[in-house]
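Here's query.txt, which has compact mmCIF, C-alpha atoms:
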# COMPACT_ATOMS: atom_id res chain seq x y z
CA MET A 1 22.83 41.73 -14.62
CA THR A 2 19.27 41.56 -13.38
CA ASP A 3 17.81 42.73 -10.12
CA ASP A 4 16.33 39.40 -9.11
CA ASP A 5 15.88 37.62 -5.81
CA GLY A 6 19.04 35.55 -6.31
CA PHE A 7 21.06 38.53 -5.16
CA ASP A 8 22.29 37.45 -1.72
CA SER A 9 24.31 39.37 0.84
CA ALA A 10 27.65 37.81 -0.14
CA ALA A 11 27.13 38.77 -3.78
CA ALA A 12 26.08 42.25 -2.67
CA ALA A 13 29.20 42.69 -0.53
CA ALA A 14 31.44 41.59 -3.40
CA LEU A 15 29.66 43.90 -5.86
CA LEU A 16 29.86 46.82 -3.43
CA GLU A 17 33.58 46.35 -2.91
CA GLN A 18 34.27 45.88 -6.61
CA THR A 19 32.23 48.97 -7.61
CA THR A 20 33.89 51.14 -4.97
CA ALA A 21 37.39 50.07 -6.04
CA ALA A 22 36.67 50.43 -9.77
CA THR A 23 35.08 53.87 -9.31
CA ARG A 24 37.95 55.15 -7.17
CA ARG A 25 40.45 53.85 -9.73
CA SER A 26 38.60 55.50 -12.59
CA LEU A 27 38.23 58.86 -10.82
CA THR A 28 41.89 59.02 -9.76
CA ALA A 29 44.51 60.42 -12.13
CA ARG A 30 47.30 57.97 -12.93
CA ALA A 31 49.99 59.63 -10.84
CA PRO A 32 52.96 57.52 -12.05
CA LEU A 33 52.33 58.83 -15.56
CA LEU A 34 52.33 62.45 -14.32
CA TYR A 35 55.50 62.09 -12.26
CA GLY A 36 57.13 60.04 -15.03
CA GLY A 37 56.39 62.68 -17.69
CA TRP A 38 57.90 65.47 -15.61
CA GLY A 39 60.83 63.28 -14.57
CA VAL A 40 61.80 62.61 -18.19
CA ALA A 41 61.29 66.28 -19.17
CA TRP A 42 63.54 67.52 -16.37
CA LEU A 43 66.18 64.80 -16.63
CA VAL A 44 66.59 65.06 -20.41
CA GLY A 45 65.78 68.79 -20.86
CA LEU A 46 67.87 70.08 -17.97
CA GLY A 47 70.55 67.51 -18.80
CA ALA A 48 70.77 69.02 -22.31
CA MET A 49 70.91 72.52 -20.78
CA TRP A 50 73.81 71.40 -18.59
CA LEU A 51 75.66 69.86 -21.56
CA SER A 52 75.27 73.14 -23.47
CA VAL A 53 76.87 75.26 -20.71
CA ARG A 54 79.47 72.76 -19.52
CA GLY A 55 82.96 74.12 -20.14
CA GLN A 56 81.81 77.65 -21.06
CA VAL A 57 84.49 80.22 -20.11
CA PRO A 58 83.17 82.77 -19.43
CA TYR A 59 79.66 81.51 -18.67
CA GLN A 60 77.23 82.73 -21.33
CA GLY A 61 74.11 80.67 -20.71
CA PRO A 62 72.38 77.66 -22.25
CA SER A 63 72.16 77.27 -26.05
CA ALA A 64 68.89 77.99 -27.85
CA GLY A 65 68.70 74.35 -28.95
CA ALA A 66 68.84 73.06 -25.37
CA ALA A 67 66.29 75.65 -24.20
CA ILE A 68 63.95 74.66 -27.04
CA LEU A 69 64.34 70.95 -26.21
CA LEU A 70 63.46 71.68 -22.55
CA GLY A 71 60.48 73.75 -23.74
CA VAL A 72 59.20 70.98 -26.03
CA LEU A 73 59.61 68.32 -23.32
CA SER A 74 57.83 70.56 -20.80
CA VAL A 75 54.92 71.11 -23.20
CA GLY A 76 54.76 67.33 -23.61
CA ALA A 77 54.61 66.86 -19.83
CA ILE A 78 51.92 69.55 -19.56
CA VAL A 79 49.84 67.79 -22.24
CA ILE A 80 50.21 64.44 -20.43
CA THR A 81 49.20 66.13 -17.15
CA ILE A 82 46.12 67.86 -18.57
CA ARG A 83 44.93 64.74 -20.43
CA THR A 84 45.50 62.38 -17.51
CA VAL A 85 43.84 64.62 -14.93
CA GLY A 86 41.09 65.61 -17.36
CA ARG A 87 40.22 61.99 -18.15
CA ALA A 88 40.01 61.06 -14.45
CA THR A 89 37.99 64.07 -13.32
CA GLU A 90 35.66 64.39 -16.32
CA GLY A 91 32.08 64.69 -15.12
CA VAL A 92 33.00 65.35 -11.48
CA HIS A 93 31.47 68.65 -10.42
CA GLY A 94 31.37 70.59 -7.18
CA GLN A 95 33.97 71.49 -4.61
CA SER A 96 36.65 69.07 -5.88
CA GLU A 97 36.36 70.59 -9.33
CA VAL A 98 36.87 74.12 -7.94
CA ARG A 99 39.84 72.98 -5.84
CA GLY A 100 41.45 71.34 -8.87
CA ARG A 101 40.88 74.39 -11.06
CA ILE A 102 42.43 76.81 -8.57
CA PHE A 103 45.36 74.44 -8.09
CA GLY A 104 45.75 74.18 -11.88
CA ILE A 105 45.73 77.95 -12.32
CA ALA A 106 48.47 78.36 -9.70
CA TRP A 107 50.99 76.92 -12.19
CA PRO A 108 50.69 79.34 -15.13
CA VAL A 109 50.14 82.31 -12.79
CA GLY A 110 53.16 81.46 -10.64
CA TYR A 111 55.40 80.76 -13.61
CA ALA A 112 54.29 83.89 -15.49
CA ALA A 113 55.11 86.10 -12.51
CA TYR A 114 58.45 84.35 -12.18
CA TYR A 115 59.44 84.87 -15.82
CA VAL A 116 58.41 88.53 -15.62
CA MET A 117 60.74 88.81 -12.62
CA LEU A 118 63.58 87.11 -14.56
CA SER A 119 63.20 89.49 -17.47
CA ALA A 120 63.15 92.49 -15.10
CA LEU A 121 66.34 91.20 -13.46
CA GLY A 122 67.95 91.03 -16.92
CA ARG A 123 66.83 94.58 -17.68
CA GLN A 124 68.36 95.75 -14.41
CA GLY A 125 71.73 94.42 -15.51
CA ALA A 126 71.87 91.08 -13.69
CA SER A 127 74.84 89.06 -14.96
CA ALA A 128 74.49 85.88 -17.03
CA GLN A 129 75.61 83.92 -13.95
CA VAL A 130 72.91 85.39 -11.71
CA LEU A 131 70.25 84.92 -14.38
CA GLY A 132 71.44 81.36 -14.92
CA LEU A 133 71.23 80.58 -11.21
CA VAL A 134 67.85 82.23 -10.62
CA GLY A 135 66.58 80.70 -13.86
CA ALA A 136 67.63 77.23 -12.73
CA VAL A 137 66.50 77.34 -9.11
CA GLY A 138 63.26 79.34 -9.43
CA PRO A 139 61.24 76.55 -11.10
CA LEU A 140 62.21 74.13 -8.32
CA VAL A 141 61.13 76.55 -5.59
CA ILE A 142 57.81 77.30 -7.33
CA THR A 143 57.09 73.66 -8.24
CA GLY A 144 58.05 72.48 -4.75
CA LEU A 145 55.74 75.00 -3.08
CA ILE A 146 52.80 74.11 -5.31
CA TYR A 147 53.34 70.42 -4.51
CA PHE A 148 53.24 71.35 -0.84
CA VAL A 149 49.91 73.07 -1.34
CA GLY A 150 48.64 70.07 -3.32
CA SER A 151 49.52 67.75 -0.47
CA ALA A 152 47.57 70.02 1.90
CA ILE A 153 44.50 69.93 -0.36
CA TRP A 154 44.45 66.19 -1.08
CA LEU A 155 46.49 64.87 1.88
CA ASP A 156 48.79 63.29 -0.66
CA TRP A 157 52.07 62.13 0.88
CA ALA A 158 53.83 61.62 -2.47
CA MET A 159 53.19 65.30 -3.25
CA LEU A 160 54.51 66.30 0.17
CA ALA A 161 57.68 64.25 -0.31
CA MET A 162 58.17 65.71 -3.80
CA GLY A 163 57.62 69.29 -2.56
CA LEU A 164 60.06 68.86 0.32
CA TRP A 165 62.65 67.23 -1.92
CA LEU A 166 62.49 70.00 -4.55
CA GLU A 167 63.03 72.69 -1.89
CA VAL A 168 66.05 70.75 -0.59
CA VAL A 169 67.48 70.30 -4.10
CA ALA A 170 66.97 74.03 -4.82
CA SER A 171 68.62 75.06 -1.54
CA VAL A 172 71.66 72.86 -2.18
CA GLY A 173 71.93 73.32 -5.96
CA VAL A 174 71.97 77.12 -5.82
CA TRP A 175 75.39 76.98 -4.12
CA THR A 176 76.95 74.93 -6.93
CA GLY A 177 77.00 77.74 -9.51
CA PRO A 178 75.07 78.32 -12.77
CA VAL A 179 76.62 75.33 -14.58
CA THR A 180 76.52 72.51 -12.03
CA VAL A 181 73.09 73.57 -10.72
CA LEU A 182 71.61 72.36 -14.02
CA LEU A 183 73.15 68.92 -13.50
CA VAL A 184 71.88 68.87 -9.91
CA ASN A 185 68.39 69.82 -11.08
CA ALA A 186 68.41 67.25 -13.88
CA VAL A 187 69.62 64.35 -11.76
CA ALA A 188 68.18 65.14 -8.32
CA GLY A 189 65.06 67.03 -9.50
CA GLY A 190 64.17 64.93 -12.57
CA GLY A 191 65.44 61.81 -10.83
CA GLY A 192 63.25 62.62 -7.82
CA PHE A 193 60.14 62.66 -10.03
CA LEU A 194 61.15 59.30 -11.54
CA VAL A 195 61.77 57.76 -8.12
CA VAL A 196 58.30 58.84 -6.95
CA ALA A 197 56.79 57.54 -10.24
CA GLY A 198 58.52 54.20 -9.70
CA TYR A 199 57.41 54.01 -6.08
CA LEU A 200 53.76 54.78 -6.94
CA LEU A 201 53.83 52.22 -9.75
CA TRP A 202 55.26 49.58 -7.41
CA ARG A 203 52.74 50.42 -4.66
CA GLY A 204 49.86 50.29 -7.14
CA ARG A 205 50.81 46.81 -8.31
CA ARG A 206 51.32 45.26 -4.90
CA MET B 1 14.36 38.26 -1.03
CA SER B 2 15.90 35.40 0.93
CA ALA B 3 15.45 34.95 4.67
CA ASP B 4 19.05 35.72 5.64
CA GLU B 5 18.80 39.39 4.81
CA PRO B 6 16.05 40.95 6.88
CA ASP B 7 17.71 44.31 7.41
CA LEU B 8 18.89 45.13 3.92
CA ASP B 9 17.26 48.26 2.48
CA PRO B 10 15.34 47.01 -0.60
CA VAL B 11 15.87 50.32 -2.40
CA ILE B 12 19.63 49.74 -2.39
CA HIS B 13 19.64 45.94 -2.39
CA ALA B 14 19.43 45.40 -6.16
CA PRO B 15 22.61 45.01 -8.24
CA THR B 16 22.24 48.08 -10.44
CA ARG B 17 21.07 50.42 -7.68
CA LEU B 18 23.78 49.14 -5.34
CA ARG B 19 26.38 49.94 -8.00
CA ILE B 20 24.92 53.42 -8.54
CA VAL B 21 24.88 54.20 -4.82
CA ALA B 22 28.35 52.70 -4.20
CA ALA B 23 29.81 54.71 -7.09
CA LEU B 24 28.21 57.97 -5.91
CA ALA B 25 29.35 57.29 -2.33
CA THR B 26 33.01 57.48 -3.43
CA LEU B 27 32.52 61.17 -4.27
CA ALA B 28 33.52 63.76 -1.69
CA ASP B 29 30.68 65.52 0.12
CA GLY B 30 29.60 68.46 -2.03
CA ASP B 31 30.55 66.76 -5.32
CA SER B 32 28.33 65.36 -8.01
CA LEU B 33 28.85 63.18 -11.08
CA SER B 34 27.52 63.85 -14.54
CA PHE B 35 24.88 61.47 -15.84
CA SER B 36 27.08 60.53 -18.81
CA ARG B 37 30.15 59.76 -16.68
CA LEU B 38 28.06 57.67 -14.29
CA GLN B 39 26.59 55.83 -17.24
CA SER B 40 29.99 55.04 -18.78
CA LEU B 41 31.48 54.20 -15.38
CA LEU B 42 28.82 51.59 -14.69
CA ASP B 43 28.39 50.59 -18.33
CA LEU B 44 24.60 51.03 -18.28
CA THR B 45 22.18 52.08 -20.99
CA PRO B 46 20.67 55.55 -20.45
CA GLY B 47 17.19 54.00 -20.04
CA ASN B 48 18.35 51.53 -17.41
CA LEU B 49 20.22 54.22 -15.47
CA ILE B 50 17.21 56.58 -15.59
CA THR B 51 14.87 53.85 -14.32
CA HIS B 52 17.02 53.07 -11.30
CA LEU B 53 17.87 56.71 -10.59
CA ARG B 54 14.14 57.42 -10.48
CA LYS B 55 13.64 54.78 -7.80
CA LEU B 56 16.53 56.20 -5.79
CA GLU B 57 15.15 59.72 -6.21
CA GLU B 58 11.71 58.60 -5.05
CA ALA B 59 13.34 57.32 -1.85
CA ASP B 60 15.14 60.67 -1.54
CA TYR B 61 18.52 58.92 -1.70
CA VAL B 62 19.73 60.62 -4.87
CA GLN B 63 19.27 64.08 -6.31
CA SER B 64 19.68 65.04 -9.96
CA VAL B 65 20.53 68.62 -10.77
CA LYS B 66 20.18 69.97 -14.28
CA ALA B 67 22.50 72.83 -15.26
CA GLY B 68 22.14 73.75 -18.93
CA ALA B 69 22.56 70.60 -21.02
CA ARG B 70 24.29 68.79 -18.17
CA THR B 71 22.61 66.65 -15.54
CA SER B 72 24.63 65.83 -12.43
CA VAL B 73 23.76 63.29 -9.79
CA HIS B 74 24.73 63.07 -6.13
CA LEU B 75 23.71 61.20 -2.99
CA THR B 76 21.56 63.16 -0.57
CA HIS B 77 22.40 63.10 3.14
CA ALA B 78 19.62 60.55 3.54
CA GLY B 79 21.11 58.49 0.71
CA ARG B 80 24.58 58.53 2.22
CA ALA B 81 23.18 57.55 5.62
CA ALA B 82 21.13 54.74 4.03
CA PHE B 83 24.23 53.47 2.22
CA GLU B 84 26.16 53.47 5.51
CA ARG B 85 23.35 51.53 7.18
CA TYR B 86 23.24 49.10 4.26
CA SER B 87 27.03 48.52 4.37
CA THR B 88 26.91 47.97 8.12
CA ALA B 89 24.00 45.53 7.80
CA LEU B 90 25.90 43.62 5.10
CA ARG B 91 28.97 43.36 7.30
CA GLN B 92 26.85 42.15 10.21
CA LEU B 93 25.18 39.53 8.04
CA LEU B 94 28.48 38.25 6.72
CA GLY B 95 30.55 38.75 9.86
CA PRO B 96 29.73 35.65 11.93
CA ALA B 97 29.74 33.31 8.91
Using structure tokens, write down the structure that the file contains.
Amino acid sequence: MTDDDGFDSAAAAALLEQTTAATRRSLTARAPLLYGGWGVAWLVGLGAMWLSVRGQVPYQGPSAGAAILLGVLSVGAIVITIRTVGRATEGVHGQSEVRGRIFGIAWPVGYAAYYVMLSALGRQGASAQVLGLVGAVGPLVITGLIYFVGSAIWLDWAMLAMGLWLEVVASVGVWTGPVTVLLVNAVAGGGGFLVVAGYLLWRGRR
Amino acid sequence: MSADEPDLDPVIHAPTRLRIVAALATLADGDSLSFSRLQSLLDLTPGNLITHLRKLEEADYVQSVKAGARTSVHLTHAGRAAFERYSTALRQLLGPA
């Protein structure tokens, strides 16, 4: 492409529009991939947790195998998230970078505090049922709240919908007991992520 | 430059510089883009990008900030305003057609 005199206003308008769209696309993380990764991790991982506690009398808690599977799937979703966001935001510096970093740090900090709390509850003699319930619902409450905050930062309506939905699922699921709550979380929580992923994919292709 | 575009800022009205300015204008106020990301985004050679950035800097439309090994580029307030004027002029030129 040369900067010659043949560059008329129509060509300029087309180039401007094309550059703006391509730049925005390149600098935006592929959200369907993020939601999809977490949807699969929750649906399969929490589904396996539910299968491992289904029919337990008395309730003892999920098997190590199911917990490890959930852990592996979660690590996979974290890797997808970091790579996707990192690729989109690479080279962008300034206030957006700081916002994204603080938002990113909220996750490990929030989850670390939560797991410390769970272990303290166990030490204080909380029953397997209580630990199972708090263990199942806590991640939804934390994740939902952080999505809320994300929607406030980026005015992202998919994040707002996801945050609201997770708080609703947590508030309903907690009443279903330590076994069924895992099924509720897998289907309604994981399924919710997949629905949003599907919607964003559909909207992006229209 | 042809006669139908009397109001188009000549600093911006060149394909490569228009692409640079349009790309930088998508950034939020207060953000900047690294030289290397801008280069890969627009698929330009370093020499070509430097040449056009220099012209934009001379017009005070773009500012480059060097921090360590990294150079970041952003539109100045004057650059953003010039881009707005340019976009408006383009729309006016094409509108009645």
Distance limit 10 Å, atoms considered: all atoms listed in the file. Which chain B residues sit that close to chain A? Return them as a PyMOL selection string. chain B and resi 1-5+8+12-38+41-42+70-74+86-87+89-91+93-94
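One distance worth recording is that between CA of Gly47 (chain A) and CA of Ile80 (chain A), which is 20.6 Å.
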Nearest residue to Gly76 (chain A) from the set A:Leu194, A:Ala41, A:Leu33, A:Leu51 (distances using only C-alpha atoms):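 Looking only at the distances to Gly76 (chain A), the closest residue turns out to be A:Ala41.
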Neighbour list for Gly61 (chain A) as a ChimeraX atom specification, cut-off 7 Å, all atoms listed in the file, skip fewer than 5 positions in-chain: /A:53,128,132
Would you export the selected residues with C-alpha atoms as a compact mmCIF listing (two decimals), keeping the file's coordinate frame, please?
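Everything below was put into part.txt:
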# COMPACT_ATOMS: atom_id res chain seq x y z
CA VAL A 53 76.87 75.26 -20.71
CA ALA A 128 74.49 85.88 -17.03
CA GLY A 132 71.44 81.36 -14.92
One number please: CA of Gly45 (chain A) to CA of Leu69 (chain A), in Å, one decimal. 5.9 Å
Name the residues in contact with Ile102 (chain A) at a cut-off of 12 Å, using all atoms listed in the file, excluding same-chain residues fewer than 5 positions from it; report them as a PyMOL selection string. chain A and resi 95-97+107-110+146+149-150+153
Could region 78-117 of chain A be written out with N, CA and C atoms, as a CSV table (one decimal), in the first residue's frame, please?
chain,number,residue,atom,x,y,z
A,78,ILE,N,-8.1,-22.1,33.6
A,78,ILE,CA,-7.3,-20.9,34.0
A,78,ILE,C,-6.3,-20.7,32.9
A,79,VAL,N,-5.6,-21.7,32.4
A,79,VAL,CA,-4.6,-21.6,31.3
A,79,VAL,C,-5.3,-20.9,30.0
A,80,ILE,N,-6.4,-21.4,29.7
A,80,ILE,CA,-7.1,-20.9,28.5
A,80,ILE,C,-7.4,-19.4,28.7
A,81,THR,N,-7.9,-19.1,30.0
A,81,THR,CA,-8.2,-17.7,30.3
A,81,THR,C,-7.0,-16.8,30.2
A,82,ILE,N,-5.9,-17.2,30.8
A,82,ILE,CA,-4.7,-16.4,30.8
A,82,ILE,C,-4.1,-16.2,29.4
A,83,ARG,N,-4.1,-17.3,28.6
A,83,ARG,CA,-3.6,-17.2,27.3
A,83,ARG,C,-4.4,-16.3,26.4
A,84,THR,N,-5.8,-16.5,26.5
A,84,THR,CA,-6.7,-15.7,25.6
A,84,THR,C,-6.6,-14.2,25.9
A,85,VAL,N,-6.7,-13.9,27.2
A,85,VAL,CA,-6.6,-12.5,27.6
A,85,VAL,C,-5.3,-11.9,27.4
A,86,GLY,N,-4.2,-12.7,27.6
A,86,GLY,CA,-2.9,-12.3,27.4
A,86,GLY,C,-2.6,-11.9,26.0
A,87,ARG,N,-3.1,-12.8,25.1
A,87,ARG,CA,-2.9,-12.6,23.6
A,87,ARG,C,-3.6,-11.3,23.2
A,88,ALA,N,-4.8,-11.1,23.7
A,88,ALA,CA,-5.5,-9.9,23.3
A,88,ALA,C,-4.9,-8.6,23.8
A,89,THR,N,-4.5,-8.6,25.0
A,89,THR,CA,-4.1,-7.4,25.7
A,89,THR,C,-2.5,-7.1,25.6
A,90,GLU,N,-1.8,-8.0,25.0
A,90,GLU,CA,-0.4,-7.9,24.9
A,90,GLU,C,0.0,-6.5,24.2
A,91,GLY,N,0.8,-5.8,24.9
A,91,GLY,CA,1.3,-4.5,24.3
A,91,GLY,C,0.4,-3.3,24.7
A,92,VAL,N,-0.8,-3.6,25.3
A,92,VAL,CA,-1.6,-2.5,25.7
A,92,VAL,C,-1.2,-2.1,27.1
A,93,HIS,N,-0.8,-0.8,27.3
A,93,HIS,CA,-0.3,-0.3,28.6
A,93,HIS,C,-1.2,0.9,29.0
A,94,GLY,N,-1.1,1.1,30.3
A,94,GLY,CA,-1.9,2.3,30.9
A,94,GLY,C,-3.0,1.8,31.8
A,95,GLN,N,-4.0,2.6,31.8
A,95,GLN,CA,-5.1,2.4,32.8
A,95,GLN,C,-5.8,1.0,32.6
A,96,SER,N,-6.0,0.6,31.4
A,96,SER,CA,-6.7,-0.6,31.1
A,96,SER,C,-5.9,-1.8,31.7
A,97,GLU,N,-4.6,-1.7,31.5
A,97,GLU,CA,-3.7,-2.7,32.0
A,97,GLU,C,-3.8,-2.9,33.5
A,98,VAL,N,-3.8,-1.7,34.2
A,98,VAL,CA,-3.9,-1.8,35.7
A,98,VAL,C,-5.3,-2.3,36.1
A,99,ARG,N,-6.3,-1.9,35.4
A,99,ARG,CA,-7.7,-2.4,35.8
A,99,ARG,C,-7.7,-3.9,35.6
A,100,GLY,N,-7.2,-4.4,34.5
A,100,GLY,CA,-7.2,-5.9,34.2
A,100,GLY,C,-6.3,-6.6,35.2
A,101,ARG,N,-5.2,-6.1,35.6
A,101,ARG,CA,-4.3,-6.7,36.6
A,101,ARG,C,-5.0,-6.9,38.0
A,102,ILE,N,-5.7,-5.8,38.4
A,102,ILE,CA,-6.3,-5.8,39.7
A,102,ILE,C,-7.5,-6.8,39.7
A,103,PHE,N,-8.2,-6.8,38.6
A,103,PHE,CA,-9.3,-7.7,38.4
A,103,PHE,C,-8.8,-9.2,38.4
A,104,GLY,N,-7.7,-9.4,37.7
A,104,GLY,CA,-7.1,-10.7,37.7
A,104,GLY,C,-6.6,-11.2,39.1
A,105,ILE,N,-6.1,-10.3,39.9
A,105,ILE,CA,-5.6,-10.6,41.2
A,105,ILE,C,-6.7,-11.0,42.1
A,106,ALA,N,-7.9,-10.4,41.9
A,106,ALA,CA,-9.1,-10.6,42.8
A,106,ALA,C,-9.4,-12.1,42.9
A,107,TRP,N,-9.1,-12.9,41.7
A,107,TRP,CA,-9.5,-14.3,41.7
A,107,TRP,C,-8.6,-15.1,42.7
A,108,PRO,N,-7.3,-15.1,42.6
A,108,PRO,CA,-6.5,-16.0,43.5
A,108,PRO,C,-6.6,-15.5,44.9
A,109,VAL,N,-6.7,-14.1,45.1
A,109,VAL,CA,-6.8,-13.6,46.5
A,109,VAL,C,-8.2,-14.1,47.1
A,110,GLY,N,-9.3,-13.9,46.4
A,110,GLY,CA,-10.6,-14.3,46.9
A,110,GLY,C,-10.7,-15.7,47.2
A,111,TYR,N,-10.2,-16.6,46.2
A,111,TYR,CA,-10.2,-18.0,46.4
A,111,TYR,C,-9.3,-18.5,47.6
A,112,ALA,N,-8.2,-17.9,47.7
A,112,ALA,CA,-7.2,-18.3,48.8
A,112,ALA,C,-7.9,-18.0,50.1
A,113,ALA,N,-8.5,-16.8,50.3
A,113,ALA,CA,-9.2,-16.5,51.6
A,113,ALA,C,-10.3,-17.5,51.8
A,114,TYR,N,-11.0,-17.8,50.8
A,114,TYR,CA,-12.1,-18.7,50.9
A,114,TYR,C,-11.7,-20.1,51.4
A,115,TYR,N,-10.6,-20.6,50.8
A,115,TYR,CA,-10.1,-22.0,51.2
A,115,TYR,C,-9.5,-22.0,52.6
A,116,VAL,N,-8.9,-20.9,53.0
A,116,VAL,CA,-8.5,-20.8,54.4
A,116,VAL,C,-9.7,-20.9,55.3
A,117,MET,N,-10.7,-20.2,54.9
A,117,MET,CA,-12.0,-20.2,55.7
A,117,MET,C,-12.5,-21.6,55.8
